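Visitor: Here's a structure for you.
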4 protein chains.
Amino acid sequence: MKMKAEKILLLLVCVSFFTFAVTAGPQTCPADLESDCSGSGEWKGEFFPEIPKIKYEGPSSKNPLSYKWYNADEEILGKKMKDWMRFSVAFWHTFRGSGADPFGAPTKNWPWEDGTNSVAMAKTRMKANFEFINKLGVDRWCFHDRDIAPDGKTLEETNKNLDEVVALAKELQGTKIRPLWGTAQLFMHPRYMHGGATSPELGVYAYAAAQVKKAIEVTHYLGGENYVFWGGREGYQSLLNTDMGRELDHLARFLEAAVAYKKKIGFNGTLLIEPKPQEPTKHQYDWDAATTANFLRKYGLLGEFKLNIECNHATLSGHSCHHELETARLNGLLGNIDANTGDPQIGWDTDEFLTDIAEATRVMITVVKNGGLAPGGFNFDAKLRRESTDVEDLFIAHISGMDTLARGLRNVAKLIEDGSLAELVRKRYESFDTEVGAQIEAGKGDFEYLEKKAMEWGEPKVPSAKQELAERLFQFAL
Amino acid sequence: MKMKAEKILLLLVCVSFFTFAVTAGPQTCPADLESDCSGSGEWKGEFFPEIPKIKYEGPSSKNPLSYKWYNADEEILGKKMKDWMRFSVAFWHTFRGSGADPFGAPTKNWPWEDGTNSVAMAKTRMKANFEFINKLGVDRWCFHDRDIAPDGKTLEETNKNLDEVVALAKELQGTKIRPLWGTAQLFMHPRYMHGGATSPELGVYAYAAAQVKKAIEVTHYLGGENYVFWGGREGYQSLLNTDMGRELDHLARFLEAAVAYKKKIGFNGTLLIEPKPQEPTKHQYDWDAATTANFLRKYGLLGEFKLNIECNHATLSGHSCHHELETARLNGLLGNIDANTGDPQIGWDTDEFLTDIAEATRVMITVVKNGGLAPGGFNFDAKLRRESTDVEDLFIAHISGMDTLARGLRNVAKLIEDGSLAELVRKRYESFDTEVGAQIEAGKGDFEYLEKKAMEWGEPKVPSAKQELAERLFQFAL
Amino acid sequence: MKMKAEKILLLLVCVSFFTFAVTAGPQTCPADLESDCSGSGEWKGEFFPEIPKIKYEGPSSKNPLSYKWYNADEEILGKKMKDWMRFSVAFWHTFRGSGADPFGAPTKNWPWEDGTNSVAMAKTRMKANFEFINKLGVDRWCFHDRDIAPDGKTLEETNKNLDEVVALAKELQGTKIRPLWGTAQLFMHPRYMHGGATSPELGVYAYAAAQVKKAIEVTHYLGGENYVFWGGREGYQSLLNTDMGRELDHLARFLEAAVAYKKKIGFNGTLLIEPKPQEPTKHQYDWDAATTANFLRKYGLLGEFKLNIECNHATLSGHSCHHELETARLNGLLGNIDANTGDPQIGWDTDEFLTDIAEATRVMITVVKNGGLAPGGFNFDAKLRRESTDVEDLFIAHISGMDTLARGLRNVAKLIEDGSLAELVRKRYESFDTEVGAQIEAGKGDFEYLEKKAMEWGEPKVPSAKQELAERLFQFAL
Amino acid sequence: MKMKAEKILLLLVCVSFFTFAVTAGPQTCPADLESDCSGSGEWKGEFFPEIPKIKYEGPSSKNPLSYKWYNADEEILGKKMKDWMRFSVAFWHTFRGSGADPFGAPTKNWPWEDGTNSVAMAKTRMKANFEFINKLGVDRWCFHDRDIAPDGKTLEETNKNLDEVVALAKELQGTKIRPLWGTAQLFMHPRYMHGGATSPELGVYAYAAAQVKKAIEVTHYLGGENYVFWGGREGYQSLLNTDMGRELDHLARFLEAAVAYKKKIGFNGTLLIEPKPQEPTKHQYDWDAATTANFLRKYGLLGEFKLNIECNHATLSGHSCHHELETARLNGLLGNIDANTGDPQIGWDTDEFLTDIAEATRVMITVVKNGGLAPGGFNFDAKLRRESTDVEDLFIAHISGMDTLARGLRNVAKLIEDGSLAELVRKRYESFDTEVGAQIEAGKGDFEYLEKKAMEWGEPKVPSAKQELAERLFQFAL
């Protein structure tokens, strides 16, 4: 019942940009490009001729194509805004997002697309990417291997395609721009339908290893500061046909091998795991920050990885984004933020640009507590709504996301300057800033001693938690 | 910023079966088929040579390719099982389901597919459909216009493609098989991205009307018993850019026109609306049974429509499936059931085949209360898991879904025969089976009279609701 | 197996303020008060001596006990802020909220409480209520019958208790203060465990009718502008032991009788139904705005009722608050707003004070579209967190809730003044502002005419929905 | 603003059984019992005279007061049913569950209750407990300290009350019955409103330590096999006023002290932590199995604790119950099961008795894989619905819960005997049962080696996951 390989290839040749990212056709472009697959020739001139370089115009500006709050070189809390934020453009949503969804065909017809998934088209797209980055005024980008270059007939050919596009990207990066991170896409191709590192098929495990090996190499070559693992297919659909214990062991072996290889080639970037509870699988092994931390501890991988926290993944797992960020921070694992937001009434990943100012302020509270995110940063794992089809919308969305987080940072500065909220918290815990408290915190508060104290002290006092006051003080800064 | 029409067409010619249903490429096949689009020739012989005609073998059978509980001609509660169930195969999931999901490419490589979306391929698929139906031993099927025949360059050409495939379907139906229902697919093509009847674009509204007109015609021609409206794009993504009142008015106008046209051409089938709360939109106007009933009442459309209730849609809207079925029944609107189930921990439509026996029993309680569903029935709006890629899996899934509902029907018969559960309910309400109760139920219980009674009677008794007993009695029948 | 009535009464005498609202003990206070039940004597002097009259100090104020945005007499969009808002204090949360929850005992020890549920204590509490209202500077309050006066041994005695407290309230109201609404509490007492109007027990139905009759009377006597029905127990826990159709019929009869009685006594206030999906029951019959509208239409009650929309109930039903408000408005049913908010990650009613400025802005968009809410208004169905135990917290919470909504109103004024967002929406629908559009909207767009147009026009255009721009324009006003 | 201590005490004397468990009044009974608090004298004769000893009558029985599937001494899979199940009755739900909920007063009026929370009443209740246990035919019970004996004026007096009741329980246990586990209730009393071990108040931390110390002692004295920690208040309501890192450190110090004390007194029972995501708090630190495992690993407590998994808590955290059980098992932490179920459409803990046969089968799959639960077992953290008010309902509910799990065990035996499902799983992973697979599993599969293999092997095969077949095979056993 297998389709013949040739037939598949022929099909894949045609299934092109329309289907990427959401419809996710496995893109193949053999070295001997047939005419169907070849691009329509080189793109001339600007990609976004009507969009100027985006500038900071301040809060009174009414221009949607300006920054009202993000002023890259302005210093806030002792650091330039751009060094707090370390924004990066996500190649896949921005340049491969087709607008397809489970019930609908692609909707985006970007002018530079020729309808193919050729290497030539990949290069054109890469040029558009760097024009976009430069017009936004950011210094970073991030990518999956397969979103920047097409599959070939064999792994060797695929790697060759990738090398060709990466060489161009390296050139276009110039001296200032670098990948915030790279990653391997182990979820779209049918071979990964049961997982990559957790596939029950040995051959798939090996293939995934080869793909990650190459992706680490190109990330390293481009000067990437981090490398991300998102295990979209590393999980299960049903426990009835799954050996979860064996799959988790395989995942650990795979990550150990990644660590070893990274060291071997001298890649010093941080390895990041991105938790997500589910979708596409019923359960993904990196469910949330705590689950992932437990996995890393169980398998002795703790020092080798950090987490890439995404707000929409946080809320899908039943947590607030702030909770996941704090959990990562307290476990020493906060490495990067996938900047986006979801819809509180929707049960799947909508990957919207964050425009909620209060939420942005909470996110920035943790970032500031963490002393920033470097070598991590923010990347926009956020996409235009399917119905937003103007090139201009790509800019408005990114500006909005950047400006919202920038306003969040400014609000944190106000909170810190005012000091009232921090003082409220300090006072809540001050009974532990005593000799007995210190004993307990030093692990010397045994139960007999504490019982003696409890009887001596009688009924303890319990003051108001002052949550409404805390919320009001927080709101004053918005 | 528009892609040239030719370029789009060229692409659409290629985006074929891989992308249907989930990746949902708008399929176009011009009359003058180019070689890329033409099929690989007629399919010879059987489509499922290794699958025998499925038979009833009874509960002791261990053969997954047999019915253990569904015995079509056996009489249960005074009616043949097949007349209670009126099962139908859904063309789209079964023959166009590609296995694609928002993070992954198609996974199904059915042997008869040649990779095109040509009219020839559409015909081959239709033949496979009828072999499948015959082997399962059911009498009905259901379809969207665009899943059985490809788009053409113009609406005229598209209609011509449809006519050609419909003619074949008519022939293959023979004397026994009929559509349970037909429908128009108004959600995949980018033109419908803002809705069909509720699109802010007048041209799209007209186009949708033309498409529904044709779909009603072909459903009528094929002897269909119902016609379904599922408004996947009839809703909103954001209230900020939406005029909800105007959109709802447009929807009502559209449905009024459908009613008028149905009558004009003498189509006597029932018009069904299928509620779903959201996905793909943030909010769909047919959110649940009560919302849809309110809409029908508000716009004076109540007598003209019934509902097609889907269990997975029910649970996504926060209700049990049983609740939605009962709500439809009590509003006189229960018309058809989209037989499937979701995963209680997953926030999107997973469209799984129902295998939960207790749930199937609850569903059948309402069906029996309703005296059956005719002229509606059950259609399997359920799909194989993406990772289920054997042709055999198509059969196992359908048999499982049919058998589970059949077992549910048998369980209801046991409950009715035993009578204890019905008696428990009767007793709970017996205080209203009195003269005062009758007064109240007749609308003659005014507040002064009731206050007098309340003072006369003193503190009322409140017996146990016996829910645990009810659950145990229910379980005894499983 | 019944406890003797005396024993119950003795217990109820003691179960007092500790248990109200959350722990919900049925409070009984016989006319011949025993010493355990009698209050500790009259409260002298101010209740909140440390809290000054709350004043508007403007946005630069850092005083949590001042208004930064709510300036009662300031005119916004042609109306005084107080006339837009029509704020009211909810007696139950504010004066009977004990801090108990399903896992914990009461935590609030307000200084004026003497631990009893006596009529004397009820009067003291009422005085505290009016001092609170006056210090906040609002003109309205709202109440359930049983939160302002204790149960007696009989309905007659209970009514007498209520009359005594109501007389005092009337006096304390003075010339300026009125109830926004009154209601009957039909959910706490065990007699209502299966419902009031939908109880399977005739005696309970009659008792509920008598109680609502009295509650309408006292609301009328106090000059109340509305009367509310919240059916906390009008629903089901399990469909297995429930006759949903009969219960819904009973509910309709009950509401008809309420309408008749209201008219008979000349009460001109609006009758309001408050939708809530569930909690305490598995399913409440007034699930959401659309469900309730359907019920009203089905039973011919549409003109007699409006809705009281609560944001936390909206989100529990899977909708945004804005959606529920718009649904009510478009059905001509927006009567009042229960001002609160929930936690998007929590699946029960947390009844928090709204502090989200963006959300408050969305709420006020609908209020302004509706031309205000009069004779309805905003009442704070919001409570202090269980851990907030200072009297001051009551003030901070209310000020915060009022100020947030006031800031929302100011933001709406900014949006309207700017006009960009409204223009974006107008443009989306302008293709219907044509002759053909007008035909369709007038119900003259039949399918044959539309098909002709569709073929004539060819593939329709579908512009970008500009959602990101809409969100950015919205955010500019925050 | 503090209520005088005397006033509180007076009130607490009265707030009695009505308020336990759900309304949760802190129960106080001073040594010098006042008449209001004293019980009505000793209970004579049987508590459940109309309920016979429950017997196994087999599947054909129609008697709701018999076991159809639970046959204690029957051997299944090599062990007696009672040794697989190790059922225990939960004292709190069964004897202190009042039927109160956040919107309603208590509904249960058990005949033996006299309305007080006296020590005498506590003893009567304990006798009822043992009659109940004996009639059900189980050997275990479990309890919180405060549900079996009332608070006194001081901790010393409270401990004395507890000792008195515990002495009676010891006697009533006889030679056969033992506690499955004991625990300290650190969530009802207002002193614990901010937490026990995680309270910001030092005095509360000490008080909690003293209380746990005593609870471990009495569990040990009664021969308890386990000791449970459920941190209902160990979490946060808002991150704005919380120092989560410091609170987690305190929790670890507390648990370390518990381990030390347990060892010191020679208690060999297992310490169990019971995960729950939220309710009453916004976030509880023991969110789910993986989160708790991470905490135990982080603080070096892994070997000292196991988990008590509750199905309703599992589903509230977004997981299936089966997932949580497997996660606990794979982390070596499966210690005990809180047998209950929730409602998939309800967002709070409904603590229903499990009656879903398929779910019970999944639960028992893990129990059998784990080789049983000893020294843990099953306890019924499940309660009657509020509206179930007959004494008989207590029996029906427990029988139903026991029978359902027993049927689950029988189904697992069928699955194992048949073997088809296990074989399906084995085959899925067999590519790893090879030399290369063994290399990988041994940690010797480095990326260079694997890349070589991947290139050598070419495109890997990916067979069907056969989920539908697995579900059908599972269903065959039901």
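Letters A, B, ... mark the chains of the structure tokens in the order given; residue numbers begin at 1 per chain; ligand numbers begin at 1, in order shown.
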Quick one: pick out all strand (DSSP E or B) residues within region 54-296 of chain B from a backbone DSSP run and write them as number ranges by chain.
Guide: B: 55-56, 66-67, 75-76, 79-80, 87-90, 101, 104, 140-144, 151, 178-183, 226-229, 235-236, 270-273, 283-284
Visitor: Write out as a list in words each polymer residue whose atoms come within 9 Å of Trp84 (chain C), counting only C-alpha atoms; drop sequence neighbours fewer than 5 positions from it.
Guide: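 That gives Ile76, Lys79, Val367, Val368, Gly371, Gly372, Leu373, Ala374, Gly377 and Leu409 of chain C.
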Visitor: Fewer than 4 positions away in the same chain doesn't count, so skip those; otherwise give me all residues within 8 Å of Trp348 (chain A), counting only C-alpha atoms, as number ranges by chain.
Guide: A: 279, 316; B: 347-348
Visitor: Print the selection's residues with C-alpha atoms to a file, as a PDB file, in the first residue's frame.
Guide:
```pdb
ATOM      1  CA  GLU A 279      -0.861  20.265  19.761  1.00  0.00           C
ATOM      2  CA  LEU A 316      -2.428  26.321  26.930  1.00  0.00           C
TER       3      LEU A 316
ATOM      4  CA  GLY B 347      -9.290  22.276  22.960  1.00  0.00           C
ATOM      5  CA  TRP B 348      -9.825  21.717  19.258  1.00  0.00           C
TER       6      TRP B 348
END
```
Visitor: Counting only C-alpha atoms, which of B:Phe143, B:Phe474, B:Tyr221, B:Phe187 gets nearest to chain D?
Guide: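 Smallest distance to chain D is found for B:Phe474.
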Visitor: Between C:Lys276, C:Lys282, C:Arg96, C:Lys55, which is the closest to chain D once you count only C-alpha atoms?
Guide: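 Closest to chain D, using only C-alpha atoms: C:Lys282.
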Visitor: From the set A:Gln211, A:His323, A:Ala438, A:Thr366, which residue has the shortest atom-to-atom contact distance to Tyr285 (chain D), counting only C-alpha atoms?
Guide: A:His323
Visitor: What is the CA of Pro277 (chain B) to CA of Leu394 (chain A) distance in Å?
Guide: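 Result for CA of Pro277 (chain B) versus CA of Leu394 (chain A): 28.7 Å, one decimal.
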Visitor: Considering only C-alpha atoms, return as a ChimeraX atom specification whatever protein or nucleic-acid residues lie within 12 Å of Tyr236 (chain A), sequence-local ones (same chain, fewer than 2 positions apart) excluded.
Guide: /A:193-196,198-200,231-234,238-245,247-248,277-287 /B:385-387 /D:323,465,467
Visitor: Per residue of chain D within 6 Å of chain B, record the nearest atom pair and its distance in Å to one decimal, counting only C-alpha atoms, with rows in chain order and ascending residue number, as CSV.
Guide:
```
residue,atom,partner,partner_atom,distance
D:Gly318,CA,B:Gln345,CA,5.7
D:Pro344,CA,B:Pro344,CA,5.9
D:Gln345,CA,B:Gly318,CA,5.7
D:Glu387,CA,B:Ala465,CA,5.4
D:Ser388,CA,B:Ser464,CA,4.6
D:Thr389,CA,B:Ser464,CA,4.8
D:Ala397,CA,B:Glu468,CA,5.7
D:Ser464,CA,B:Ser388,CA,4.6
D:Ala465,CA,B:Ser388,CA,5.3
D:Lys466,CA,B:Ser388,CA,5.5
D:Glu468,CA,B:Ala397,CA,5.7
```
Visitor: For the residues in that selection, give me C-alpha atoms as an mmCIF file, in the first residue's frame.
Guide:
```cif
data_model
loop_
_atom_site.group_PDB
_atom_site.id
_atom_site.type_symbol
_atom_site.label_atom_id
_atom_site.label_comp_id
_atom_site.auth_asym_id
_atom_site.auth_seq_id
_atom_site.Cartn_x
_atom_site.Cartn_y
_atom_site.Cartn_z
ATOM 1 C CA GLY D 318 -5.049 19.148 31.722
ATOM 2 C CA PRO D 344 -14.951 16.841 31.817
ATOM 3 C CA GLN D 345 -16.984 20.025 31.333
ATOM 4 C CA GLU D 387 -28.658 16.462 46.525
ATOM 5 C CA SER D 388 -28.117 12.860 47.647
ATOM 6 C CA THR D 389 -29.339 12.904 51.190
ATOM 7 C CA ALA D 397 -21.892 5.388 46.031
ATOM 8 C CA SER D 464 0.662 2.977 10.739
ATOM 9 C CA ALA D 465 0.326 3.563 14.469
ATOM 10 C CA LYS D 466 -2.846 1.429 14.443
ATOM 11 C CA GLU D 468 -8.041 2.662 15.962
#
```
Visitor: Could you check how far CA of Cys142 (chain B) sits from CA of Phe378 (chain B), in Å to one decimal?
Guide: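 That distance, rounded to one decimal, is 10.3 Å.
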Visitor: With DSSP run on the backbone, what are the helix (DSSP H, G or I) residues within region 144-307 of chain B? I'd like them as a PyMOL selection string.
Guide: chain B and resi 145-148+155-173+190-192+202-221+239-241+244-264+289-298+302-304
Visitor: Contacts of Asp249 (chain C) at 10 Å or less, counting only C-alpha atoms, minus same-chain residues fewer than 4 places along, as a ChimeraX atom specification?
Guide: /B:440-443 /C:197-198,244-245,253-254,295,299
Visitor: Measure the distance from CA of Lys383 (chain D) to CA of Arg428 (chain B) in Å and round it to one decimal.
Guide: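 Between these atoms lies a distance of 21.6 Å.
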Visitor: I'd like the neighbourhood of Leu155 (chain B) as a list in words, where a residue qualifies if any of its atoms comes within 10 Å (using only C-alpha atoms), though same-chain residues fewer than 2 positions away should be ignored.
Guide: Asp151, Gly152, Lys153, Glu157, Thr158, Asn159, Lys160, Asn161, Tyr207, Ala210 and Gln211 of chain B; Glu451, Ala454, Met455, Gly458 and Glu459 of chain C
Visitor: Selection from above, N, CA, C and O atoms, as a short mmCIF file (atom, residue, chain, number, x, y, z; two decimals), in the first residue's frame, can you write it?
Guide:
```cif
data_model
loop_
_atom_site.label_atom_id
_atom_site.label_comp_id
_atom_site.auth_asym_id
_atom_site.auth_seq_id
_atom_site.Cartn_x
_atom_site.Cartn_y
_atom_site.Cartn_z
N ASP B 151 -12.34 22.51 -8.35
CA ASP B 151 -12.61 23.86 -8.85
C ASP B 151 -12.15 23.97 -10.30
O ASP B 151 -11.17 23.35 -10.70
N GLY B 152 -12.87 24.76 -11.05
CA GLY B 152 -12.41 25.10 -12.39
C GLY B 152 -11.95 26.55 -12.41
O GLY B 152 -11.89 27.21 -11.37
N LYS B 153 -11.66 27.04 -13.60
CA LYS B 153 -11.16 28.41 -13.71
C LYS B 153 -12.25 29.44 -13.41
O LYS B 153 -11.97 30.55 -12.99
N GLU B 157 -17.22 26.63 -15.05
CA GLU B 157 -16.40 25.44 -15.26
C GLU B 157 -16.44 24.54 -14.01
O GLU B 157 -16.46 23.31 -14.12
N THR B 158 -16.42 25.17 -12.86
CA THR B 158 -16.49 24.41 -11.62
C THR B 158 -17.80 23.63 -11.57
O THR B 158 -17.82 22.45 -11.22
N ASN B 159 -18.87 24.28 -11.95
CA ASN B 159 -20.17 23.61 -11.95
C ASN B 159 -20.17 22.44 -12.94
O ASN B 159 -20.75 21.39 -12.68
N LYS B 160 -19.49 22.65 -14.03
CA LYS B 160 -19.42 21.59 -15.04
C LYS B 160 -18.65 20.38 -14.48
O LYS B 160 -19.08 19.22 -14.65
N ASN B 161 -17.53 20.65 -13.83
CA ASN B 161 -16.77 19.56 -13.19
C ASN B 161 -17.67 18.80 -12.22
O ASN B 161 -17.68 17.57 -12.18
N TYR B 207 -21.24 35.14 -4.53
CA TYR B 207 -20.57 33.91 -4.95
C TYR B 207 -21.05 32.73 -4.09
O TYR B 207 -21.33 31.64 -4.59
N ALA B 210 -24.45 31.60 -5.08
CA ALA B 210 -24.41 30.80 -6.32
C ALA B 210 -23.94 29.39 -6.03
O ALA B 210 -24.45 28.41 -6.58
N GLN B 211 -22.96 29.28 -5.12
CA GLN B 211 -22.42 27.96 -4.82
C GLN B 211 -23.44 27.09 -4.08
O GLN B 211 -23.60 25.90 -4.37
N GLU C 451 -26.66 34.43 -8.33
CA GLU C 451 -25.82 33.60 -9.19
C GLU C 451 -25.46 34.38 -10.46
O GLU C 451 -24.32 34.34 -10.92
N ALA C 454 -22.82 36.81 -9.55
CA ALA C 454 -21.54 36.14 -9.27
C ALA C 454 -20.84 35.79 -10.57
O ALA C 454 -19.62 35.97 -10.71
N MET C 455 -21.61 35.28 -11.54
CA MET C 455 -20.99 34.91 -12.81
C MET C 455 -20.54 36.14 -13.58
O MET C 455 -19.48 36.14 -14.22
N GLY C 458 -17.28 37.53 -11.66
CA GLY C 458 -16.06 36.71 -11.57
C GLY C 458 -15.52 36.65 -10.14
O GLY C 458 -16.23 37.02 -9.20
N GLU C 459 -14.28 36.23 -10.03
CA GLU C 459 -13.69 36.03 -8.70
C GLU C 459 -13.70 37.33 -7.88
O GLU C 459 -13.13 38.33 -8.28
#
```
Visitor: Between C:Ala208, C:Ala120, C:Ile365, C:Leu450, which is the closest to Leu421 (chain C) once you count only C-alpha atoms?
Guide: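 Residue with the minimum atom-to-atom distance to Leu421 (chain C): C:Ile365.
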